[in-house]
Every structure is written in C-alpha cells, then in structure tokens.
Amino acid sequence: MLTTSIKTLLTEAWRKLGLEPVSFSVDPSERPEYGDFSSNIAMAGAKIARSSPRDLAARIIGNLPQDAFAKVEIAGPGFINLHLKREMIHSCLKEILQDEGKLTAEKIGRGTKLQVEFVSSNPTGPLTVGHGRQAVLGDVLSSLYEQLGYDVTREYYFNDEGRQVDLLAQSLWARYRQLCGEDVTIPEQGYQGDYLIEIAQQVKDDIADAYPVFDEAAKGFFRVRGVSVIKEMIKDDLAQLGVKFDNWFSEADLHRRGEVDAALKALTERGGTYKQDGAIWLRAEDNGGIKDSVLIRSDGRPTYLMVDIAYHMDKYRRGFNHVIDVQGADHHVEQSCMQAALKILGYPQDFLRYAVHQFVSIVEGGETLRMSTRAGRFVLLRDLTSELGRDVVRYFMVARKPETHLQFDLDLARAESLDNPVYYIQYAHTRIASIFRKAEEIDDPSEVDLSPLQSPSELDLIKQLDSFPEILEEAALRFAPHLLAEYALNLARAFHAYYADHRVLGEETDLMQARLALLSAVQMVFKNSLEILGMSTPEMM
RNA sequence: GCGCCCGUAGCUCAGUGGACAGAGCAACGGCCUUCUAAGCCGUCGGCCGGAGGUUCGAAUCCUCCCGGGCGUACCA
C-alpha cells in the first residue's frame, strides 16, 4: 500500500533526526498541486523537535532517499507534499494484479474466533425495516471481519421463552377464537398485527374448533405453534435479503441446561448480587454500569438481563475471543449492565463490544411512519425487499453511518430507482464486463507493461484501488460499513469519468493492453466491494 | 431532572485535529457516426445549531446553551 510505504520512509527519515517517535498521518492530497500524498509529520513533530514546522520539514526531507519521489515540497504551514514517480504507481498496480491478496485487507484477525450477534428479534412477528437495517449492518460487518482474517460466526438469538411469547400465544389464541366466531379481544399488551390471522387460519384448518378457554394447555399449544411458524417467517425474511446465519440460538435451551441458574450462582459467588424488596439485583453501578438492575424478580422469574448474562457466559464458554452485539440505541442501560456483569465475572475487557445503531423511519408521502410491532404499525422488511430488490435495500440500509437516524424515503427509493447509487455502481462493473466481452486478445494482466498508463485519471484510479484494504480495515474496526458503500460509489464515479474520455478497444496494442489490465483490477475491486456488501455484480444491465 | 446519540448546501448525507468544507438529489446549461447516455462535463447553492475554551491549526476535542431522537421498568 502506498500510504504504508510512504509512512515507512518518513518514519525512517524522522528517526535519523534522533528524536523520540512522533505520530503523524499520510493522506491522499486534496488538490493536484499538492502532489499525490501529503503528510503533517513536520507540524505534528514541531514541538518535540523544538523547531518551526517548515524548518523541520526541510530537515526531514533531507533524510529521505534521494530517488524515492519525483518531487517533494514544503507547503502552507508545514505540510510535506509528495509527488510520486509514475513507476511507483505502476508497480503498485502490478502488485495488485499479480497478487489478488493485495486487494484484501491485512489479515490482522489471524483466525481469531469472533461471534457477531445480530437481529435477535423476538419470534413474535415478522421482521420490520428496523430489523432490516440491523440485519444488513451485522451481515456486512461480519463479512468485513472475515476479510481481516477473523473466524466469524453469525448468530441469531431467539427469545423463545418468557412473557412476550406468552403474549404471542394469547394473541394467536384470540385470533383463532375470532375465526371460530367468538368475540374475543387481543390482550392490551398483545400483538395486534394481521399476520396472526393468517396463522390462526392455518391452526383452525388443522384442529377445527378447540381450546375454548385460554388455559395452560392452550397456552402451551399456541406458544409452540406460533413460535415455530414465526421463526420460519423470520428466516425467510432474512434469506430474501441474503443474510445467512451460522447459528440460531434458542433461549429455551439456556433454561433447559440450567445455565441461567449457574450464571446467577457465579455472579453471587463473586459478590455481584444483593437482595432487596424480595428481588435479586445486579451490583452494576459499582462496576461501571449506569444503574443496578433486577436479575430475579420477587416472584422468582429471571429478567431478560439475567438470561442474557447466562447467554454471554455461554458464548465465552464456546471459545469466542471476541463478541460483537449489534443492537439498537435503545438498549443503552442494559449494555452497561451487561458489561458490568462481565467485569464481575472477570472476563477480558474487550470480550464484548456493542455496535450500536439508530432507528429507521420510513417516510412516505412526506409523512414519517412511527413503528411499533405490538401495535401492528410497521413496514415489513419483506414488503420492502420484494418491491425494491435485495441490492437496493441492502445498499440503502448500509450506506448511512449507523449512529444517525436513517430516513428511508419510500417515494424517493421508488422514484429514483433508475439513477440510484446501486445501479450507478453496478453499471460501472457492467461496462467493464462489456469491454472484456468485446476484446479480442487479452494479455495476462499481471504480465502487461503498464508504462503507457500516463493520464492523471488513470493514475488516480490506481491510487484509489490501492486504498481499498485500508477502507476495509477502517470500516470493520470502526463499525462503519458505510465507508465501504461510499468507497464503491467514489470508485464508480472515477471509473465513469475515466470511461467517458478514454478509449480502450481500438487503441494501439500496448496502450490497449495496459488499459485492459487496469480495468481488470478495477473490476476485481468492484466485485470484492459488492460481494462484501452482499450485492450482485451483473455482467449486463 | 439525569444518561447516550444526532444537528454540515433547499432535501438526503460524507467528512472523528490540518491547507480555499465535499457528494448525490433538486434547479439551470452543454455532450450520443466510436467499448452500454442506467453515462460524462459545467453553473447555482454552506457565518459546519449558538457561545466560549484547548491547539501552530477545530465541522472534528472540552464546557455551557438551544433544537431533535432514544433511554431512564421486578418489558424485551
């Protein structure tokens, strides 16, 4: 990578000054007259060197190898602007072509076992667009970490026990009795969505008129029935979006194996709990949490937090080195309690990290729809996916910074579907594919003489390709997949501009082969980018 | 009240210490005998919510204020 090698040269030049190390940056220059890359090393190190930035810059430059750069200048307050030799850029492209590995990130993960848990919606209803954002975020994040060499497990946690599932059972039973001609109302806190009518109809087809009252037997039956049907619904919704999980984890299993009791015992043994008002509390506040929370209610039932702690102990036992939980911004308190619990248990501090995201609101007809699964007010993920297609939904969901609210304007998504970023990027890939279909003779790109590539836009394209691995690493480590979405868009922009005023086919052989080699590298990067984003790479449009 | 997140062009958003703040959409004007015009080029448009502070340098870090979202359950 160019920035890496430049950084190495500058670090070496700095070391020759005999001063303590300094942290500095090397960035692509903002303007052509600033060269290819700029560094702030002289300004950053001015204090250490007790010298003015510009003087210091001159001394650093004096220590650089004579022939490393085409031109090195001091500019503005003390920037060092580096003009690369063309051969350096060409050899960078050569490396990319020779070793596809140059297009992927450094394998800093080295097989570290990482679990990414996401969506984990209760099996009480179909997924909404809100879950959709999390699904795409978690999936792309997982792919990014895979690129970094991590051994990633995508996991979905089903809360298939407890109060919410009981409410689902009762709501489903009520729908069922309604179909049997009875005037039964859905419980206040229950699930009002129409999807339960459909399931109730299936139930009625199977068992005719039964369960006149909602007793234990009815609860058991409708719970099992409802949960299993809805689990499949959820899996279908995710499959349609192209999200695949390695593991579906059931809360019921935790209870069955006694892990919840064991977790409570472990916390208590370490002095992490206390009794008050008939309940058992987690000593969260003393351990960095926002506030103490109930683990066991006064009626003896465990809270969600208690079970979740048991679940995370289970993750640890399964040997994951790191766990990332993708969650909505509304779980803030609980997140701090979970971290407090893990601290009490003595887990490594970096075992669990939360990738937090804000919500999606759907804007239609200038109106914002406020969603609530329980009230039955929501836009279903599957409706969105069916209408707009997997590629569009995925791109829109991941193109925004996770911590900002995502306004999904349905009208805009529909109306703009023709010049939307998705097609813009895919079209770039298509254009390249088309050239390769028509090209008659293509030399092995890694053997081609690249020196005919001389135009600024060609050299810029190469520099953009070169930064791909850095983007992957930053997008993963910062939980910021939108950086990749944006990168792909920028690369497409650069390519389309290039395409508009550079011919490939029909040019003199050396130039044509060099350009074909460049395009094959660009195509590879589009392919990798879109694949990580979970989008298709059409050959024709 | 307290905690977390957000406030950048008419709209949707990039930009987490660097040189005159960027893109898409919208508006306006150019470009198709040539590898797919689902494209390219140009114009218009911003005291980066406000006020202080730290720094050689702040949209970016700190403090306070204003505005919006979320949370503050023996719900999940």
# chains A, B, ... in the order shown; residues from 1 in each chain; ligands from 1
call {"tool": "closest_atom_pairs", "arguments": {"of": "chain B", "to": "chain A", "cutoff": "6 Å", "atoms": "only C-alpha atoms (C1' of nucleotides)", "output": "CSV"}}
result
residue,atom,partner,partner_atom,distance
B:A19,C1',A:Gly76,CA,5.9
B:C35,C1',A:Ile435,CA,5.2
B:C40,C1',A:Ala500,CA,5.6
B:C70,C1',A:Asp330,CA,5.6
B:G71,C1',A:Asp330,CA,5.7
B:C74,C1',A:Arg297,CA,4.6
call {"tool": "select_by_dssp", "arguments": {"residues": "range 20-121 of chain A", "states": "strand (DSSP E)", "output": "list in words"}}
result
Val26, Asp27, Pro28, Phe37, Ser38, Ser39, Lys71, Val72, Glu73, Ile74, Ala75, Phe79, Ile80, Asn81, Leu82, His83, Lys113, Leu114, Gln115, Val116 and Glu117 of chain A
call {"tool": "atom_distance", "arguments": {"atom1": "CA of Val129 in chain A", "atom2": "CA of Val379 in chain A"}}
result
6.1 Å
call {"tool": "closest_residue", "arguments": {"among": "B:U72, B:U43, B:U36, B:U54", "to": "G3 in chain B", "atoms": "only C-alpha atoms (C1' of nucleotides)"}}
result
B:U72
call {"tool": "residues_around", "arguments": {"residues": "Arg382 in chain A", "least_positions_apart": "3", "cutoff": "6 Å", "atoms": "only C-alpha atoms (C1' of nucleotides)", "output": "ChimeraX atom specification"}}
result
/A:237,385-386
call {"tool": "residues_around", "arguments": {"residues": "Gly132 in chain A", "least_positions_apart": "3", "cutoff": "10 Å", "atoms": "only C-alpha atoms (C1' of nucleotides)", "output": "ChimeraX atom specification"}}
result
/A:119,127-129,135-138,237-238,241,243,360,380-382,384-385,393-394,397-398
call {"tool": "closest_residue", "arguments": {"among": "A:Gly288, A:Gly111, A:Pro481, A:Pro123", "to": "Gln349 in chain A", "atoms": "only C-alpha atoms"}}
result
A:Gly288
call {"tool": "residues_around", "arguments": {"residues": "Gln147 in chain A", "least_positions_apart": "2", "cutoff": "9 Å", "atoms": "only C-alpha atoms (C1' of nucleotides)", "output": "compact mmCIF listing (two decimals) with N, CA, C and O atoms, in the first residue's frame"}}
result
# COMPACT_ATOMS: atom_id res chain seq x y z
N THR A 104 -7.12 -7.38 -0.69
CA THR A 104 -7.84 -7.60 0.55
C THR A 104 -7.03 -7.04 1.70
O THR A 104 -5.86 -6.71 1.55
N ALA A 105 -7.68 -6.93 2.82
CA ALA A 105 -7.03 -6.30 3.96
C ALA A 105 -5.98 -7.21 4.55
O ALA A 105 -5.95 -8.41 4.32
N GLU A 106 -5.13 -6.62 5.33
CA GLU A 106 -4.16 -7.38 6.08
C GLU A 106 -4.91 -8.31 7.02
O GLU A 106 -5.89 -7.91 7.64
N LYS A 107 -4.43 -9.51 7.15
CA LYS A 107 -5.17 -10.48 7.95
C LYS A 107 -4.86 -10.31 9.44
O LYS A 107 -4.29 -11.18 10.07
N GLY A 109 -6.79 -10.44 11.83
CA GLY A 109 -7.57 -11.33 12.69
C GLY A 109 -6.88 -12.65 12.96
O GLY A 109 -6.99 -13.23 14.02
N SER A 142 -19.83 -8.58 9.59
CA SER A 142 -19.28 -9.93 9.65
C SER A 142 -18.36 -10.19 8.46
O SER A 142 -17.25 -10.70 8.61
N SER A 143 -18.84 -9.82 7.29
CA SER A 143 -18.03 -10.03 6.08
C SER A 143 -16.73 -9.25 6.14
O SER A 143 -15.67 -9.72 5.72
N LEU A 144 -16.81 -8.03 6.68
CA LEU A 144 -15.61 -7.21 6.78
C LEU A 144 -14.58 -7.88 7.69
O LEU A 144 -13.39 -7.94 7.38
N TYR A 145 -15.05 -8.41 8.81
CA TYR A 145 -14.12 -9.08 9.71
C TYR A 145 -13.56 -10.35 9.09
O TYR A 145 -12.41 -10.71 9.33
N GLY A 149 -9.48 -11.63 8.23
CA GLY A 149 -8.92 -12.89 8.67
C GLY A 149 -9.51 -13.47 9.94
O GLY A 149 -9.00 -14.44 10.49
N TYR A 150 -10.59 -12.88 10.42
CA TYR A 150 -11.25 -13.43 11.61
C TYR A 150 -12.08 -14.65 11.23
O TYR A 150 -12.60 -14.74 10.12
N LEU A 472 -11.30 -1.28 4.10
CA LEU A 472 -11.88 -2.47 4.73
C LEU A 472 -11.55 -2.51 6.21
O LEU A 472 -12.40 -2.77 7.05
N GLU A 473 -10.30 -2.22 6.52
CA GLU A 473 -9.88 -2.30 7.91
C GLU A 473 -10.59 -1.23 8.75
O GLU A 473 -11.10 -1.52 9.84
N ILE A 532 -18.81 -8.05 -0.50
CA ILE A 532 -18.82 -7.81 0.94
C ILE A 532 -20.12 -7.12 1.35
O ILE A 532 -20.68 -7.38 2.40
call {"tool": "atom_distance", "arguments": {"atom1": "C1' of A38 in chain B", "atom2": "CA of Phe495 in chain A"}}
result
14.7 Å
call {"tool": "residues_around", "arguments": {"residues": "range 8-17 of chain B", "least_positions_apart": "2", "cutoff": "8 Å", "atoms": "only C-alpha atoms (C1' of nucleotides)", "output": "PDB file with N, CA, C and O atoms (P, O5', C5', C4', C3', O3' and C1' of nucleotides), in the first residue's frame"}}
result
ATOM      1  N   ARG A 400     -25.542   4.574   5.242  1.00  0.00           N
ATOM      2  CA  ARG A 400     -25.537   5.653   6.218  1.00  0.00           C
ATOM      3  C   ARG A 400     -24.779   5.226   7.454  1.00  0.00           C
ATOM      4  O   ARG A 400     -24.785   4.062   7.829  1.00  0.00           O
ATOM      5  N   GLN A 407     -33.371   7.821   7.391  1.00  0.00           N
ATOM      6  CA  GLN A 407     -34.669   8.153   6.810  1.00  0.00           C
ATOM      7  C   GLN A 407     -34.792   7.428   5.495  1.00  0.00           C
ATOM      8  O   GLN A 407     -34.166   7.792   4.512  1.00  0.00           O
ATOM      9  N   GLU A 486     -19.530   3.931   0.460  1.00  0.00           N
ATOM     10  CA  GLU A 486     -19.113   5.190  -0.122  1.00  0.00           C
ATOM     11  C   GLU A 486     -17.889   5.013  -1.027  1.00  0.00           C
ATOM     12  O   GLU A 486     -17.780   5.630  -2.079  1.00  0.00           O
TER      13      GLU A 486
ATOM     14  P     G B  22     -14.001  21.588  -0.692  1.00  0.00           P
ATOM     15  O5'   G B  22     -14.457  20.304  -1.506  1.00  0.00           O
ATOM     16  C5'   G B  22     -15.780  20.162  -1.927  1.00  0.00           C
ATOM     17  C4'   G B  22     -16.161  18.723  -1.740  1.00  0.00           C
ATOM     18  C3'   G B  22     -17.437  18.329  -2.446  1.00  0.00           C
ATOM     19  O3'   G B  22     -17.181  18.028  -3.803  1.00  0.00           O
ATOM     20  C1'   G B  22     -17.496  17.560  -0.230  1.00  0.00           C
ATOM     21  P     A B  23     -18.372  18.282  -4.852  1.00  0.00           P
ATOM     22  O5'   A B  23     -19.238  16.952  -4.724  1.00  0.00           O
ATOM     23  C5'   A B  23     -18.630  15.697  -5.004  1.00  0.00           C
ATOM     24  C4'   A B  23     -19.559  14.579  -4.619  1.00  0.00           C
ATOM     25  C3'   A B  23     -20.959  14.652  -5.202  1.00  0.00           C
ATOM     26  O3'   A B  23     -20.978  14.167  -6.529  1.00  0.00           O
ATOM     27  C1'   A B  23     -21.103  14.113  -2.914  1.00  0.00           C
ATOM     28  P     C B  25     -27.336  12.952  -9.122  1.00  0.00           P
ATOM     29  O5'   C B  25     -28.670  13.317  -8.317  1.00  0.00           O
ATOM     30  C5'   C B  25     -29.614  12.306  -7.976  1.00  0.00           C
ATOM     31  C4'   C B  25     -30.689  12.889  -7.103  1.00  0.00           C
ATOM     32  C3'   C B  25     -31.403  14.106  -7.662  1.00  0.00           C
ATOM     33  O3'   C B  25     -32.400  13.756  -8.600  1.00  0.00           O
ATOM     34  C1'   C B  25     -30.839  14.501  -5.413  1.00  0.00           C
ATOM     35  P     A B  26     -32.662  14.723  -9.831  1.00  0.00           P
ATOM     36  O5'   A B  26     -33.214  16.031  -9.114  1.00  0.00           O
ATOM     37  C5'   A B  26     -34.464  16.015  -8.426  1.00  0.00           C
ATOM     38  C4'   A B  26     -34.709  17.367  -7.804  1.00  0.00           C
ATOM     39  C3'   A B  26     -34.558  18.546  -8.762  1.00  0.00           C
ATOM     40  O3'   A B  26     -35.711  18.734  -9.558  1.00  0.00           O
ATOM     41  C1'   A B  26     -33.409  19.007  -6.758  1.00  0.00           C
ATOM     42  P     G B  45     -23.966  30.932  -5.861  1.00  0.00           P
ATOM     43  O5'   G B  45     -24.456  30.106  -4.610  1.00  0.00           O
ATOM     44  C5'   G B  45     -25.732  30.405  -4.013  1.00  0.00           C
ATOM     45  C4'   G B  45     -26.309  29.139  -3.432  1.00  0.00           C
ATOM     46  C3'   G B  45     -25.540  28.582  -2.234  1.00  0.00           C
ATOM     47  O3'   G B  45     -25.947  29.245  -1.045  1.00  0.00           O
ATOM     48  C1'   G B  45     -26.049  26.839  -3.749  1.00  0.00           C
ATOM     49  P     G B  46     -24.900  30.142  -0.293  1.00  0.00           P
ATOM     50  O5'   G B  46     -24.579  29.360   1.051  1.00  0.00           O
ATOM     51  C5'   G B  46     -25.555  28.543   1.710  1.00  0.00           C
ATOM     52  C4'   G B  46     -24.857  27.807   2.792  1.00  0.00           C
ATOM     53  C3'   G B  46     -23.913  28.647   3.646  1.00  0.00           C
ATOM     54  O3'   G B  46     -24.625  29.182   4.730  1.00  0.00           O
ATOM     55  C1'   G B  46     -22.990  26.496   3.138  1.00  0.00           C
ATOM     56  P     C B  48     -20.323  28.160   9.884  1.00  0.00           P
ATOM     57  O5'   C B  48     -20.949  26.712   9.626  1.00  0.00           O
ATOM     58  C5'   C B  48     -22.162  26.271  10.255  1.00  0.00           C
ATOM     59  C4'   C B  48     -22.186  24.778  10.097  1.00  0.00           C
ATOM     60  C3'   C B  48     -21.822  24.022  11.364  1.00  0.00           C
ATOM     61  O3'   C B  48     -22.856  23.083  11.590  1.00  0.00           O
ATOM     62  C1'   C B  48     -20.470  23.313   9.536  1.00  0.00           C
ATOM     63  P     G B  57      -3.495  28.195  17.283  1.00  0.00           P
ATOM     64  O5'   G B  57      -4.049  27.310  16.076  1.00  0.00           O
ATOM     65  C5'   G B  57      -4.306  27.957  14.823  1.00  0.00           C
ATOM     66  C4'   G B  57      -4.747  26.956  13.812  1.00  0.00           C
ATOM     67  C3'   G B  57      -5.954  26.117  14.224  1.00  0.00           C
ATOM     68  O3'   G B  57      -7.135  26.850  13.959  1.00  0.00           O
ATOM     69  C1'   G B  57      -4.285  24.710  13.333  1.00  0.00           C
ATOM     70  P     A B  58      -8.559  26.447  14.455  1.00  0.00           P
ATOM     71  O5'   A B  58      -8.764  24.900  14.083  1.00  0.00           O
ATOM     72  C5'   A B  58      -9.354  24.508  12.843  1.00  0.00           C
ATOM     73  C4'   A B  58     -10.611  23.702  13.126  1.00  0.00           C
ATOM     74  C3'   A B  58     -11.777  24.540  13.650  1.00  0.00           C
ATOM     75  O3'   A B  58     -13.004  24.041  13.136  1.00  0.00           O
ATOM     76  C1'   A B  58     -11.212  22.899  15.236  1.00  0.00           C
ATOM     77  P     A B  59     -13.551  24.569  11.737  1.00  0.00           P
ATOM     78  O5'   A B  59     -14.917  23.763  11.551  1.00  0.00           O
ATOM     79  C5'   A B  59     -16.020  24.044  12.399  1.00  0.00           C
ATOM     80  C4'   A B  59     -16.915  22.842  12.525  1.00  0.00           C
ATOM     81  C3'   A B  59     -16.354  21.743  13.434  1.00  0.00           C
ATOM     82  O3'   A B  59     -16.756  21.942  14.762  1.00  0.00           O
ATOM     83  C1'   A B  59     -17.051  20.816  11.367  1.00  0.00           C
ATOM     84  P     U B  60     -15.809  21.534  15.995  1.00  0.00           P
ATOM     85  O5'   U B  60     -15.404  20.015  15.729  1.00  0.00           O
ATOM     86  C5'   U B  60     -16.340  18.947  15.967  1.00  0.00           C
ATOM     87  C4'   U B  60     -15.702  17.657  15.528  1.00  0.00           C
ATOM     88  C3'   U B  60     -14.573  17.186  16.437  1.00  0.00           C
ATOM     89  O3'   U B  60     -14.758  15.827  16.774  1.00  0.00           O
ATOM     90  C1'   U B  60     -13.827  17.354  14.180  1.00  0.00           C
ATOM     91  P     C B  61     -15.387  15.480  18.187  1.00  0.00           P
ATOM     92  O5'   C B  61     -14.245  15.916  19.211  1.00  0.00           O
ATOM     93  C5'   C B  61     -13.297  14.984  19.671  1.00  0.00           C
ATOM     94  C4'   C B  61     -12.500  15.598  20.784  1.00  0.00           C
ATOM     95  C3'   C B  61     -13.320  16.348  21.820  1.00  0.00           C
ATOM     96  O3'   C B  61     -13.837  15.480  22.803  1.00  0.00           O
ATOM     97  C1'   C B  61     -11.503  17.688  21.156  1.00  0.00           C
TER      98        C B  61
END
call {"tool": "select_by_dssp", "arguments": {"residues": "range 350-421 of chain A", "states": "alpha helix (DSSP H)", "output": "list of chain:residue names"}}
result
A:Leu381, A:Arg382, A:Asp383, A:Leu384, A:Thr385, A:Ser386, A:Glu387, A:Leu388, A:Arg390, A:Asp391, A:Val392, A:Val393, A:Arg394, A:Tyr395, A:Phe396, A:Met397, A:Val398, A:Leu410, A:Asp411, A:Leu412, A:Ala413, A:Arg414, A:Ala415, A:Pro421
call {"tool": "atom_distance", "arguments": {"atom1": "CA of Leu84 in chain A", "atom2": "CA of Phe69 in chain A"}}
result
5.0 Å
call {"tool": "residues_around", "arguments": {"residues": "Pro348 in chain A", "least_positions_apart": "3", "cutoff": "12 Å", "atoms": "only C-alpha atoms (C1' of nucleotides)", "output": "NGL selection string"}}
result
:A and (316 or 320-323 or 339-345 or 351-353)
